[in-house]
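Structure data follow from input_11.cif (mmCIF, C-alpha atoms):
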data_final
#
loop_
_atom_site.label_atom_id
_atom_site.label_comp_id
_atom_site.auth_asym_id
_atom_site.auth_seq_id
_atom_site.Cartn_x
_atom_site.Cartn_y
_atom_site.Cartn_z
CA MET A 943 12.46 14.28 -61.70
CA GLU A 944 16.07 14.47 -62.83
CA ALA A 945 16.76 16.78 -59.89
CA PHE A 946 16.06 13.86 -57.52
CA SER A 947 18.18 11.30 -59.34
CA ALA A 948 21.05 9.49 -57.63
CA GLY A 949 24.05 11.75 -57.11
CA ALA A 950 22.06 15.00 -57.01
CA THR A 951 21.96 17.22 -53.96
CA VAL A 952 18.64 18.74 -52.94
CA GLY A 953 18.46 21.28 -50.11
CA GLY A 954 21.39 19.78 -48.21
CA TYR A 955 20.39 16.15 -48.90
CA ALA A 956 22.54 14.01 -51.19
CA ILE A 957 20.32 11.58 -53.12
CA LEU A 958 21.71 8.02 -52.86
CA GLU A 959 19.08 5.76 -54.45
CA GLU A 960 15.41 5.27 -55.14
CA VAL A 961 13.91 2.86 -52.64
CA GLY A 962 10.19 2.91 -53.46
CA ARG A 963 7.57 4.25 -55.83
CA GLY A 964 3.85 4.46 -55.32
CA GLY A 965 0.82 6.05 -56.87
CA MET A 966 1.19 9.25 -54.91
CA ALA A 967 4.91 9.56 -54.20
CA THR A 968 8.43 8.38 -54.88
CA VAL A 969 10.80 7.68 -51.97
CA TYR A 970 14.58 8.12 -52.10
CA ARG A 971 17.29 7.29 -49.60
CA ALA A 972 19.39 10.39 -49.04
CA HIS A 973 22.17 11.50 -46.75
CA GLN A 974 21.61 14.59 -44.65
CA LEU A 975 24.88 16.47 -44.85
CA SER A 976 24.32 18.69 -41.81
CA MET A 977 23.46 15.80 -39.46
CA SER A 978 25.49 13.05 -41.18
CA ARG A 979 22.61 10.60 -41.19
CA ASP A 980 20.55 8.78 -43.76
CA VAL A 981 17.00 9.99 -44.26
CA ALA A 982 14.09 9.25 -46.58
CA LEU A 983 12.95 11.86 -49.10
CA LYS A 984 9.34 11.50 -50.13
CA VAL A 985 8.75 13.40 -53.36
CA LEU A 986 5.48 14.23 -55.12
CA PRO A 987 5.69 13.04 -58.74
CA SER A 988 5.75 15.75 -61.38
CA GLN A 989 2.48 14.58 -62.98
CA TYR A 990 0.61 15.65 -59.84
CA LEU A 991 2.16 19.12 -59.62
CA ASN A 992 -0.64 20.63 -61.68
CA GLN A 993 -3.35 18.95 -59.59
CA PRO A 994 -4.20 21.19 -56.64
CA THR A 995 -5.82 18.32 -54.74
CA SER A 996 -2.69 16.16 -54.87
CA LEU A 997 -0.49 19.03 -53.82
CA ASP A 998 -2.81 19.86 -50.93
CA ARG A 999 -2.75 16.23 -49.78
CA PHE A 1000 1.02 16.22 -49.79
CA LYS A 1001 1.16 19.36 -47.68
CA LEU A 1002 -1.57 18.00 -45.39
CA GLU A 1003 0.47 14.88 -44.70
CA ALA A 1004 3.38 17.03 -43.62
CA SER A 1005 1.21 18.97 -41.19
CA ILE A 1006 -0.53 15.82 -39.86
CA VAL A 1007 2.59 13.80 -39.20
CA ALA A 1008 4.29 16.84 -37.67
CA ARG A 1009 1.57 16.95 -35.00
CA LEU A 1010 1.57 13.17 -34.36
CA GLU A 1011 4.33 12.32 -31.94
CA HIS A 1012 4.30 8.60 -31.22
CA ARG A 1013 7.04 6.01 -30.97
CA ALA A 1014 5.45 3.85 -33.69
CA ILE A 1015 4.75 6.64 -36.22
CA VAL A 1016 7.55 7.52 -38.64
CA PRO A 1017 8.52 11.10 -37.76
CA VAL A 1018 8.91 13.93 -40.26
CA HIS A 1019 12.13 15.91 -39.94
CA ASP A 1020 11.62 18.56 -42.58
CA TYR A 1021 9.48 19.86 -45.44
CA GLY A 1022 10.69 21.77 -48.49
CA GLU A 1023 10.43 22.45 -52.21
CA PHE A 1024 13.06 22.18 -54.92
CA GLU A 1025 12.40 23.62 -58.36
CA GLY A 1026 8.70 23.72 -57.55
CA ILE A 1027 8.62 20.08 -56.41
CA PRO A 1028 7.62 19.53 -52.77
CA TYR A 1029 9.30 16.89 -50.65
CA LEU A 1030 9.18 15.49 -47.12
CA VAL A 1031 12.23 14.47 -45.12
CA MET A 1032 11.45 11.52 -42.88
CA ARG A 1033 13.30 9.01 -40.76
CA TYR A 1034 14.86 6.33 -42.92
CA MET A 1035 13.62 2.80 -42.07
CA ASP A 1036 16.25 0.35 -43.29
CA GLY A 1037 14.32 -2.78 -42.29
CA GLY A 1038 11.95 -2.67 -45.25
CA SER A 1039 8.21 -3.10 -44.82
CA VAL A 1040 5.68 -5.78 -43.97
CA ASP A 1041 5.02 -6.02 -47.68
CA ASP A 1042 8.63 -7.18 -48.11
CA LEU A 1043 8.10 -9.87 -45.45
CA LEU A 1044 5.04 -11.14 -47.30
CA ALA A 1045 7.15 -11.77 -50.39
CA ASP A 1046 8.17 -15.07 -48.76
CA GLY A 1047 4.62 -16.07 -47.84
CA SER A 1048 2.69 -15.92 -44.60
CA ILE A 1049 4.28 -14.56 -41.44
CA SER A 1050 4.40 -16.56 -38.22
CA PRO A 1051 1.75 -15.76 -35.60
CA GLU A 1052 4.43 -14.72 -33.12
CA ARG A 1053 6.01 -12.20 -35.50
CA THR A 1054 2.58 -10.96 -36.57
CA LEU A 1055 1.62 -10.43 -32.95
CA GLN A 1056 4.84 -8.53 -32.28
CA ILE A 1057 4.12 -6.12 -35.14
CA VAL A 1058 0.45 -5.51 -34.34
CA LEU A 1059 1.18 -4.89 -30.66
CA GLN A 1060 3.50 -2.06 -31.76
CA ILE A 1061 1.35 -0.34 -34.38
CA ALA A 1062 -2.09 -0.74 -32.76
CA PRO A 1063 -1.39 1.85 -30.02
CA ALA A 1064 -0.08 4.26 -32.67
CA LEU A 1065 -3.27 3.88 -34.69
CA ASP A 1066 -5.46 4.52 -31.65
CA TYR A 1067 -3.29 7.51 -30.75
CA ALA A 1068 -3.90 9.01 -34.20
CA HIS A 1069 -7.64 8.46 -33.77
CA ARG A 1070 -7.59 10.26 -30.43
CA GLN A 1071 -5.88 13.14 -32.20
CA GLY A 1072 -8.76 13.20 -34.69
CA VAL A 1073 -6.81 11.63 -37.57
CA LEU A 1074 -7.92 8.64 -39.67
CA HIS A 1075 -5.25 6.91 -41.72
CA ARG A 1076 -7.63 5.58 -44.44
CA ASP A 1077 -4.84 3.77 -46.30
CA LEU A 1078 -3.45 1.21 -43.89
CA LYS A 1079 -1.74 -1.65 -45.75
CA PRO A 1080 1.45 -3.77 -45.50
CA SER A 1081 3.56 -1.34 -47.53
CA ASN A 1082 2.68 1.43 -45.07
CA ILE A 1083 4.02 -0.53 -42.08
CA LEU A 1084 7.77 0.01 -42.06
CA LEU A 1085 10.47 -1.76 -40.05
CA ASP A 1086 13.71 -0.45 -38.63
CA ALA A 1087 17.01 -2.32 -38.32
CA SER A 1088 15.82 -3.93 -35.06
CA GLY A 1089 12.59 -5.16 -36.64
CA ASP A 1090 10.33 -2.70 -34.81
CA ALA A 1091 7.24 -1.58 -36.74
CA TYR A 1092 6.09 1.95 -37.58
CA LEU A 1093 3.11 3.51 -39.33
CA THR A 1094 3.74 5.79 -42.26
CA ASP A 1095 2.09 7.39 -45.30
CA PHE A 1096 -0.72 9.58 -43.99
CA GLY A 1097 -1.09 11.01 -47.51
CA ILE A 1098 -4.83 10.51 -47.69
CA ALA A 1099 -5.47 10.84 -43.98
CA ARG A 1100 -8.68 12.51 -42.90
CA ILE A 1101 -8.80 15.01 -40.06
CA LEU A 1102 -11.98 14.48 -38.09
CA GLY A 1103 -13.95 17.51 -36.98
CA HIS A 1104 -17.13 19.39 -37.59
CA ASN A 1105 -15.44 22.22 -39.43
CA THR A 1106 -13.38 20.13 -41.82
CA ARG A 1107 -14.29 18.43 -45.03
CA PRO A 1108 -12.47 15.91 -47.23
CA LEU A 1109 -10.17 17.13 -49.94
CA THR A 1110 -12.28 15.30 -52.52
CA THR A 1111 -16.03 15.65 -52.81
CA SER A 1112 -16.54 12.76 -55.20
CA GLY A 1113 -15.14 9.31 -55.61
CA VAL A 1114 -13.57 6.95 -53.08
CA VAL A 1115 -9.96 7.34 -51.97
CA GLY A 1116 -7.91 4.41 -50.71
CA THR A 1117 -6.61 0.99 -51.67
CA PRO A 1118 -9.55 -1.32 -52.55
CA SER A 1119 -7.94 -4.48 -51.18
CA TYR A 1120 -7.91 -2.96 -47.67
CA MET A 1121 -11.01 -0.76 -47.73
CA SER A 1122 -13.74 -1.11 -45.15
CA PRO A 1123 -17.27 -1.57 -46.53
CA GLU A 1124 -18.30 1.91 -45.38
CA GLN A 1125 -15.23 3.45 -47.02
CA ALA A 1126 -15.94 1.65 -50.29
CA GLN A 1127 -19.50 2.98 -50.18
CA GLY A 1128 -18.40 6.55 -49.47
CA HIS A 1129 -20.03 6.73 -46.03
CA ASP A 1130 -18.81 8.75 -43.07
CA LEU A 1131 -15.87 7.07 -41.36
CA ASP A 1132 -14.56 6.63 -37.85
CA GLY A 1133 -11.70 4.72 -36.25
CA ARG A 1134 -13.37 1.34 -36.85
CA SER A 1135 -12.70 1.77 -40.57
CA ASP A 1136 -8.97 1.65 -39.84
CA VAL A 1137 -9.60 -1.33 -37.52
CA TYR A 1138 -11.12 -3.16 -40.50
CA ALA A 1139 -8.08 -2.35 -42.64
CA LEU A 1140 -5.83 -3.63 -39.85
CA GLY A 1141 -7.89 -6.83 -39.82
CA VAL A 1142 -7.27 -7.27 -43.56
CA VAL A 1143 -3.53 -6.73 -43.01
CA LEU A 1144 -3.48 -9.34 -40.22
CA PHE A 1145 -5.46 -11.75 -42.41
CA GLU A 1146 -2.83 -11.39 -45.14
CA MET A 1147 0.08 -11.70 -42.72
CA LEU A 1148 -1.26 -14.93 -41.15
CA THR A 1149 -2.53 -16.63 -44.32
CA GLY A 1150 -0.31 -15.19 -47.05
CA SER A 1151 -3.31 -14.03 -49.09
CA ARG A 1152 -5.89 -11.24 -48.95
CA PRO A 1153 -9.48 -12.09 -48.06
CA PHE A 1154 -10.85 -10.68 -51.32
CA GLU A 1155 -9.31 -10.69 -54.78
CA GLY A 1156 -10.71 -9.61 -58.15
CA ASP A 1157 -9.90 -8.67 -61.70
CA THR A 1158 -10.54 -4.97 -61.10
CA PRO A 1159 -10.35 -2.67 -58.08
CA TYR A 1160 -14.11 -2.17 -58.35
CA THR A 1161 -14.73 -5.91 -58.09
CA VAL A 1162 -12.60 -6.12 -54.96
CA ALA A 1163 -14.39 -3.17 -53.36
CA VAL A 1164 -17.78 -4.76 -54.07
CA LYS A 1165 -16.67 -8.01 -52.41
CA HIS A 1166 -15.74 -6.11 -49.27
CA VAL A 1167 -19.31 -4.84 -49.16
CA THR A 1168 -21.24 -7.98 -50.15
CA GLU A 1169 -19.24 -11.18 -49.54
CA ARG A 1170 -18.21 -13.00 -46.39
CA PRO A 1171 -14.46 -13.47 -45.97
CA PRO A 1172 -13.11 -17.00 -46.38
CA SER A 1173 -12.05 -19.14 -43.44
CA PRO A 1174 -8.45 -18.32 -42.43
CA CYS A 1175 -8.04 -21.90 -41.13
CA ALA A 1176 -9.01 -23.26 -44.55
CA ILE A 1177 -6.16 -21.24 -46.10
CA ASN A 1178 -3.63 -21.88 -43.32
CA PRO A 1179 -4.57 -25.03 -41.33
CA ALA A 1180 -1.84 -24.21 -38.80
CA LEU A 1181 -4.00 -21.39 -37.41
CA SER A 1182 -6.27 -22.07 -34.46
CA ARG A 1183 -9.99 -21.48 -34.42
CA ALA A 1184 -9.43 -18.81 -31.80
CA VAL A 1185 -7.25 -16.80 -34.20
CA GLU A 1186 -9.81 -17.27 -36.96
CA ASN A 1187 -12.58 -15.90 -34.74
CA VAL A 1188 -10.51 -12.79 -34.00
CA LEU A 1189 -9.87 -12.12 -37.70
CA LEU A 1190 -13.49 -12.65 -38.70
CA LYS A 1191 -14.69 -10.30 -35.98
CA ALA A 1192 -12.30 -7.61 -37.22
CA LEU A 1193 -13.74 -8.09 -40.74
CA GLU A 1194 -17.40 -7.74 -39.79
CA LYS A 1195 -19.43 -5.81 -42.38
CA LYS A 1196 -21.19 -3.76 -39.72
CA ARG A 1197 -18.76 -1.53 -37.87
CA GLU A 1198 -20.61 -1.93 -34.55
CA ASN A 1199 -19.79 -5.66 -34.63
CA ARG A 1200 -16.02 -5.10 -34.91
CA TYR A 1201 -13.47 -4.31 -32.24
CA ARG A 1202 -13.88 -0.72 -31.14
CA THR A 1203 -10.15 0.03 -31.13
CA ALA A 1204 -6.98 -1.32 -32.69
CA VAL A 1205 -5.60 -2.16 -29.25
CA ALA A 1206 -8.68 -4.26 -28.48
CA LEU A 1207 -8.03 -6.19 -31.70
CA ALA A 1208 -4.35 -6.65 -30.81
CA ASP A 1209 -5.20 -7.85 -27.29
CA ALA A 1210 -7.72 -10.36 -28.63
CA LEU A 1211 -5.17 -11.71 -31.09
CA LYS A 1212 -2.57 -11.95 -28.32
CA HIS A 1213 -4.94 -13.96 -26.15
CA ALA A 1214 -5.86 -16.25 -29.06
CA ILE A 1215 -2.25 -16.92 -30.07
CA GLU A 1216 -0.79 -17.31 -26.59
CA GLY A 1217 -3.80 -19.01 -25.03
CA GLY A 1218 -4.56 -21.35 -27.91
CA HIS A 1219 -8.04 -22.14 -26.62
CA GLY A 1220 -10.07 -19.19 -27.84
CA GLY A 1221 -10.54 -17.64 -24.43
CA ALA A 1222 -12.16 -20.70 -22.90
CA ALA A 1223 -11.32 -21.23 -19.26
CA PRO A 1224 -9.09 -24.22 -18.55
CA PRO A 1225 -10.88 -27.26 -17.12
CA MET A 1226 -11.40 -26.95 -13.34
CA LEU A 1227 -10.19 -29.82 -11.17
CA ILE A 1228 -12.79 -30.82 -8.55
CA GLU A 1229 -11.58 -32.72 -5.52
CA THR A 1230 -14.08 -35.28 -4.21
CA GLU A 1231 -14.39 -37.01 -0.85
CA PRO A 1232 -12.68 -40.42 -0.59
CA SER A 1233 -15.06 -43.34 -0.98
CA LEU A 1234 -16.08 -45.59 1.94
CA THR A 1235 -13.94 -48.42 0.58
CA GLU A 1236 -10.87 -46.21 0.41
CA ARG A 1237 -11.41 -45.00 4.00
CA LEU A 1238 -11.81 -48.58 5.27
CA LYS A 1239 -8.62 -49.66 3.49
CA ALA A 1240 -6.72 -46.74 4.97
CA GLY A 1241 -8.00 -47.54 8.46
CA ALA A 1242 -7.06 -51.22 8.13
CA SER A 1243 -3.56 -50.27 7.00
CA ARG A 1244 -3.10 -48.01 10.02
CA ARG A 1245 -4.33 -50.75 12.38
CA ARG A 1246 -1.91 -53.30 10.90
CA LEU A 1247 0.92 -50.80 11.28
CA ASP A 1248 0.04 -50.15 14.93
CA THR A 1249 -0.17 -53.90 15.65
CA GLY A 1250 3.24 -54.55 14.07
CA LEU A 1251 4.82 -51.78 16.09
CA ALA A 1252 3.31 -53.15 19.32
CA LEU A 1253 5.00 -56.52 18.73
CA LEU A 1254 8.39 -54.82 18.76
CA ARG A 1255 8.09 -53.67 22.37
CA ARG A 1256 10.51 -55.24 24.89
CA PRO A 1257 8.54 -56.80 27.78
CA GLU A 1258 11.17 -56.04 30.43
CA ALA A 1259 11.62 -52.38 29.68
CA GLY A 1260 8.32 -51.60 28.08
CA GLN A 1261 10.10 -49.51 25.49
CA PRO A 1262 9.66 -50.06 21.75
CA LEU A 1263 12.67 -51.06 19.68
CA ILE A 1264 11.48 -48.71 16.99
CA GLN A 1265 9.82 -45.49 17.92
CA PRO A 1266 6.65 -45.21 15.86
CA GLN A 1267 6.45 -42.00 13.92
CA PRO A 1268 3.11 -40.25 13.95
CA SER A 1269 1.41 -40.57 10.65
CA PRO A 1270 1.16 -37.26 8.82
CA PRO A 1271 -2.27 -35.70 8.81
CA PRO A 1272 -4.24 -36.29 5.65
CA PRO A 1273 -4.07 -33.45 3.16
CA ALA A 1274 -6.80 -30.92 3.43
CA ILE A 1275 -9.33 -31.56 0.76
CA SER A 1276 -12.06 -29.17 -0.17
CA TYR A 1277 -15.09 -31.43 -0.24
CA ALA A 1278 -17.66 -28.69 -0.91
CA VAL A 1279 -20.82 -30.13 -2.43
CA PRO A 1280 -19.55 -33.77 -2.72
CA ARG A 1281 -19.24 -33.94 1.15
CA VAL A 1282 -22.90 -32.99 1.54
CA ILE A 1283 -23.92 -35.57 -1.05
CA ALA A 1284 -21.90 -38.27 0.73
CA ARG A 1285 -23.62 -37.56 4.07
CA ARG A 1286 -27.00 -37.76 2.43
CA ARG A 1287 -26.08 -41.06 0.85
CA ARG A 1288 -24.99 -42.50 4.22
CA ARG A 1289 -28.25 -41.44 5.86
CA SER A 1290 -30.22 -43.08 3.07
CA ASN A 1291 -28.35 -46.42 3.22
CA GLY A 1292 -30.58 -47.85 6.05
CA TRP A 1293 -33.84 -47.08 4.29
CA ALA A 1294 -32.50 -48.52 1.03
CA THR A 1295 -31.62 -51.81 2.81
CA TRP A 1296 -35.09 -52.19 4.36
CA LEU A 1297 -36.77 -51.34 1.06
CA ALA A 1298 -34.70 -53.94 -0.82
CA ALA A 1299 -35.56 -56.63 1.76
CA ALA A 1300 -39.27 -55.85 1.54
CA ILE A 1301 -39.23 -56.03 -2.24
CA LEU A 1302 -37.38 -59.37 -2.15
CA ALA A 1303 -39.89 -60.87 0.31
CA SER A 1304 -42.79 -59.70 -1.84
CA LEU A 1305 -41.25 -61.35 -4.88
CA VAL A 1306 -40.85 -64.66 -3.01
CA VAL A 1307 -44.50 -64.67 -1.86
CA LEU A 1308 -45.68 -63.81 -5.35
CA ALA A 1309 -43.61 -66.63 -6.86
CA VAL A 1310 -45.11 -69.19 -4.41
CA ALA A 1311 -48.66 -68.02 -5.14
CA VAL A 1312 -48.17 -68.18 -8.88
CA GLY A 1313 -46.71 -71.69 -8.59
CA GLY A 1314 -49.69 -72.92 -6.56
CA VAL A 1315 -52.21 -71.53 -8.99
CA TYR A 1316 -50.34 -73.07 -11.87
CA TYR A 1317 -50.34 -76.48 -10.15
CA LEU A 1318 -54.10 -76.37 -9.45
CA VAL A 1319 -54.96 -75.31 -12.98
CA ASN A 1320 -52.76 -77.89 -14.62
CA GLU A 1321 -53.58 -80.84 -12.26
CA PRO A 1322 -53.67 -84.06 -14.34
CA PRO A 1323 -57.22 -85.54 -14.78
CA ALA A 1324 -58.20 -88.77 -13.01
CA PRO A 1325 -57.71 -91.93 -15.08
CA ARG A 1326 -60.80 -93.10 -16.92
CA ALA A 1327 -62.19 -96.63 -16.62
CA THR A 1328 -61.83 -98.83 -19.60
CA THR A 1329 -65.29 -99.27 -21.21
CA PRO A 1330 -66.37 -100.80 -24.49
CA ASP A 1331 -66.97 -98.53 -27.42
CA TYR A 1332 -70.48 -97.28 -27.65
CA ALA A 1333 -72.32 -95.43 -30.33
CA THR A 1334 -75.11 -93.08 -29.55
CA THR A 1335 -77.96 -92.90 -31.99
CA ALA A 1336 -79.85 -89.73 -32.04
CA VAL A 1337 -82.14 -87.94 -34.33
CA PHE A 1338 -82.19 -84.20 -33.77
CA LYS A 1339 -82.93 -81.08 -35.67
CA LEU A 1340 -80.60 -78.05 -35.76
CA THR A 1341 -82.51 -74.83 -36.30
CA ALA A 1342 -81.24 -71.60 -37.74
CA THR A 1343 -79.50 -70.73 -34.49
CA LYS A 1344 -77.35 -73.82 -34.78
CA GLU A 1345 -76.69 -73.78 -31.01
CA ALA A 1346 -77.36 -76.64 -28.61
CA ILE A 1347 -76.73 -77.42 -24.96
CA ILE A 1348 -76.02 -81.00 -23.87
CA GLN A 1349 -77.89 -81.61 -20.63
CA PRO A 1350 -76.42 -83.68 -17.83
CA THR A 1351 -79.21 -86.21 -18.50
CA LEU A 1352 -77.72 -86.85 -21.95
CA GLY A 1353 -80.68 -85.05 -23.52
CA LEU A 1354 -80.36 -82.56 -26.38
CA SER A 1355 -82.18 -79.27 -26.05
CA ASP A 1356 -82.79 -77.24 -29.17
CA LEU A 1357 -82.60 -73.51 -28.32
CA GLY A 1358 -84.10 -72.44 -31.63
CA SER A 1359 -87.52 -74.24 -31.39
CA SER A 1360 -89.89 -75.93 -29.01
CA ALA A 1361 -88.87 -79.41 -30.12
CA GLY A 1362 -88.49 -81.89 -27.27
CA THR A 1363 -85.46 -83.83 -26.30
CA ALA A 1364 -84.20 -86.81 -28.22
CA GLU A 1365 -83.87 -90.16 -26.61
CA ILE A 1366 -80.33 -91.49 -26.53
CA ALA A 1367 -80.00 -95.25 -26.60
CA PRO A 1368 -76.54 -96.71 -26.30
CA SER A 1369 -75.74 -99.58 -28.58
CA PRO A 1370 -72.50 -101.23 -29.57
CA LEU A 1371 -71.06 -100.05 -32.84
CA PRO A 1372 -68.02 -101.35 -34.66
CA THR A 1373 -65.19 -98.86 -34.69
CA ASN A 1374 -64.86 -99.06 -38.45
CA THR A 1375 -68.52 -98.23 -39.18
CA PRO A 1376 -68.62 -95.21 -41.52
CA ARG A 1377 -70.65 -92.12 -40.64
CA PRO A 1378 -73.80 -91.54 -42.64
CA PRO A 1379 -73.81 -88.33 -44.64
CA LEU A 1380 -75.77 -85.19 -43.81
CA GLU A 1381 -79.12 -84.97 -45.52
CA SER A 1382 -81.00 -81.82 -46.34
CA THR A 1383 -84.71 -81.58 -45.37
CA GLY A 1384 -85.42 -78.80 -47.77
CA ASP A 1385 -85.84 -76.08 -45.13
CA ASP A 1386 -83.41 -74.01 -43.05
CA SER A 1387 -82.46 -77.00 -40.85
CA ILE A 1388 -80.17 -79.94 -41.39
CA GLN A 1389 -81.36 -83.44 -40.63
CA HIS A 1390 -78.59 -85.68 -39.25
CA THR A 1391 -79.18 -89.34 -38.69
CA GLY A 1392 -76.30 -91.47 -37.57
CA ALA A 1393 -73.91 -92.29 -34.80
CA LEU A 1394 -72.04 -89.65 -32.77
CA PRO A 1395 -68.92 -90.69 -30.93
CA GLU A 1396 -69.05 -90.33 -27.20
#

Translate this structure into structure tokens?
Amino acid sequence: MEAFSAGATVGGYAILEEVGRGGMATVYRAHQLSMSRDVALKVLPSQYLNQPTSLDRFKLEASIVARLEHRAIVPVHDYGEFEGIPYLVMRYMDGGSVDDLLADGSISPERTLQIVLQIAPALDYAHRQGVLHRDLKPSNILLDASGDAYLTDFGIARILGHNTRPLTTSGVVGTPSYMSPEQAQGHDLDGRSDVYALGVVLFEMLTGSRPFEGDTPYTVAVKHVTERPPSPCAINPALSRAVENVLLKALEKKRENRYRTAVALADALKHAIEGGHGGAAPPMLIETEPSLTERLKAGASRRRLDTGLALLRRPEAGQPLIQPQPSPPPPAISYAVPRVIARRRRRSNGWATWLAAAILASLVVLAVAVGGVYYLVNEPPAPRATTPDYATTAVFKLTATKEAIIQPTLGLSDLGSSAGTAEIAPSPLPTNTPRPPLESTGDDSIQHTGALPE
């Protein structure tokens, strides 16, 4: 590669310095002598010269980019070979790349949005031309001196079509950190694979980190296929939930669940960043009809104003000292449904009043009735006449039923047998006379002989 060292001249291009080196190419800043302008020379490394596939890819990129004419795609000015080494002459982008911006951490949402709004139409344009990028990443998004973004490096691009086939028949080509699940699995691809890669780039720009990391490229590729991406808000709390939802939708495992185009992704991100509410409609203000109290107050105020103005009239001339100004008409208010509800409420006020009065009267009658019943039930008993203490002597037999009814004639009827009544003879008994104990008769009954208090 000594022929492309600084100071050498290759095909009318004076090599100034090396500005970048990747796995598939080395880029130099050179000065085009015939046009007096700086250009970028993209050179295929010598170790790939003996690999037909690598050489074919390099030539394919030249033919692809030559047919893609878009403002946000880095144009190719020339293609040539020097000492058997092919090279591409491209527009020199002196603003660096998005990868250089990420060296300082995450990029602001506004700057991220500006970049994606520029490159998304270019990506969709390439898809309409039947070209998949397949290697979209921050280092392949270049910036000019004004900060405008451009797509570059279509080195492993795939031309879509029924009569074409990939340059490699085995293995997976691309950068694992930005591969879609279907690309990592070697499936057929469409434009949504590039949309996934753009989602990974946006995730990295807004959070400062990639969604999946690993010790080996294989580990990273497997995570793209099997693991859910982390929450962008957990990494960068300054992001809104609306922005997070856009990123997670772009990183869906199933391609049918992603945005169909890069522009659709860019528009969704624009709405999330500028709207800040995730697409939710702002709260709708509903104007309601003024209440009855407010209308009465307004009417009273107008009447007081009219009365005060009437007092200012001069009796002899009949002219007012101050000409009353007509009050401005009330602002038009869209009552809509609340007006209908208010009319229904006014119509129902009369029935509500009669119903409340009926319920109140019923409660009063019920309270009076309950009080009367309570008085009758709890009427105090008539005072008893003072009589001397008596003791009643009786001999009776309680049968197994042990139930008895005291007759009004002071007799004792045994319900359990045919025994007759016992005679009750009153006789005075001292109050301190002890009761005789119960005595057993030896059968199922209990014989009780003694005095029972009245």

With the PyMOL selection byres ((chain A and resi 967) around 12) as the selection, what would be picked from this file? Answer as number ranges by chain, please.
A: 943, 960-966, 968-970, 982-991, 996-997, 999-1000, 1003, 1027-1030, 1095-1098

In Å to one decimal, how far is CA of Met1147 (chain A) from CA of Thr1054 (chain A)?
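It comes out at 6.7 Å.
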
Cut-off 10 Å: closest region 1005-1083 of chain A/region 1126-1134 of chain A atom pairs per residue, using all atoms listed in the file, as a tab-separated table:
residue	atom	partner	partner_atom	distance
A:Leu1065	CA	A:Gly1133	CA	8.6
A:Asp1066	CA	A:Gly1133	CA	7.8
A:Ala1068	CA	A:Gly1133	CA	9.1
A:His1069	CA	A:Gly1133	CA	6.1
A:Arg1070	CA	A:Gly1133	CA	9.0
A:Gly1072	CA	A:Gly1133	CA	9.1
A:Val1073	CA	A:Gly1133	CA	8.6
A:Leu1074	CA	A:Gly1133	CA	6.4
A:His1075	CA	A:Gly1133	CA	8.7
A:Arg1076	CA	A:Leu1131	CA	8.9

Residue by residue, what does the PyMOL selection byres ((chain A and resi 1119-1121) around 10) grab here? Present the result as a VMD selection string.
chain A and resid 1076 to 1080 1114 to 1118 1122 to 1127 1135 to 1136 1138 to 1143 1152 to 1156 1159 to 1163 1165 to 1167

I'd like the neighbourhood of region 1169-1182 of chain A as a PyMOL selection string, where a residue qualifies if any of its atoms comes within 12 Å (using all atoms listed in the file), though same-chain residues fewer than 2 positions away should be ignored.
chain A and resi 1047-1052+1123+1141-1142+1144-1155+1161-1167+1184-1196+1211+1213-1221

Shell around Leu958 (chain A) at 6 Å using all atoms listed in the file, local window under 5 positions removed, as a list in words:
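Using all atoms listed in the file, the neighbours found are Ala948, Arg971 and Ala972 of chain A.
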
Given all atoms listed in the file as the basis, pick out the residue of A:Leu975, A:Leu1308, A:Ala1064, A:Ala1204 nearest to Thr1094 (chain A).
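For Thr1094 (chain A), the nearest of the given residues is A:Ala1064.
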
Report, in Å to a single decimal, how far apart CA of Asp998 (chain A) and CA of Val981 (chain A) are.
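Going from CA of Val981 (chain A) over to CA of Asp998 (chain A), I get 23.1 Å.
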
Using only C-alpha atoms, determine which residues lie at most 8 Å from Ile1061 (chain A), disregarding the query and same-chain residues fewer than 5 positions distant; provide the list as a ChimeraX atom specification.
/A:1014-1015,1091-1093

Just give me the gap between CA of Val1137 (chain A) and CA of Ala1004 (chain A) in Å, one decimal is fine.
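A separation of 23.3 Å between them.
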
Out of A:Gln1060, A:Asn1199, A:Gln1071, A:Thr1158, which residue has the shortest atom-to-atom distance to Ile1006 (chain A) when counting all atoms listed in the file?
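Smallest separation from Ile1006 (chain A) among the options: A:Gln1071.
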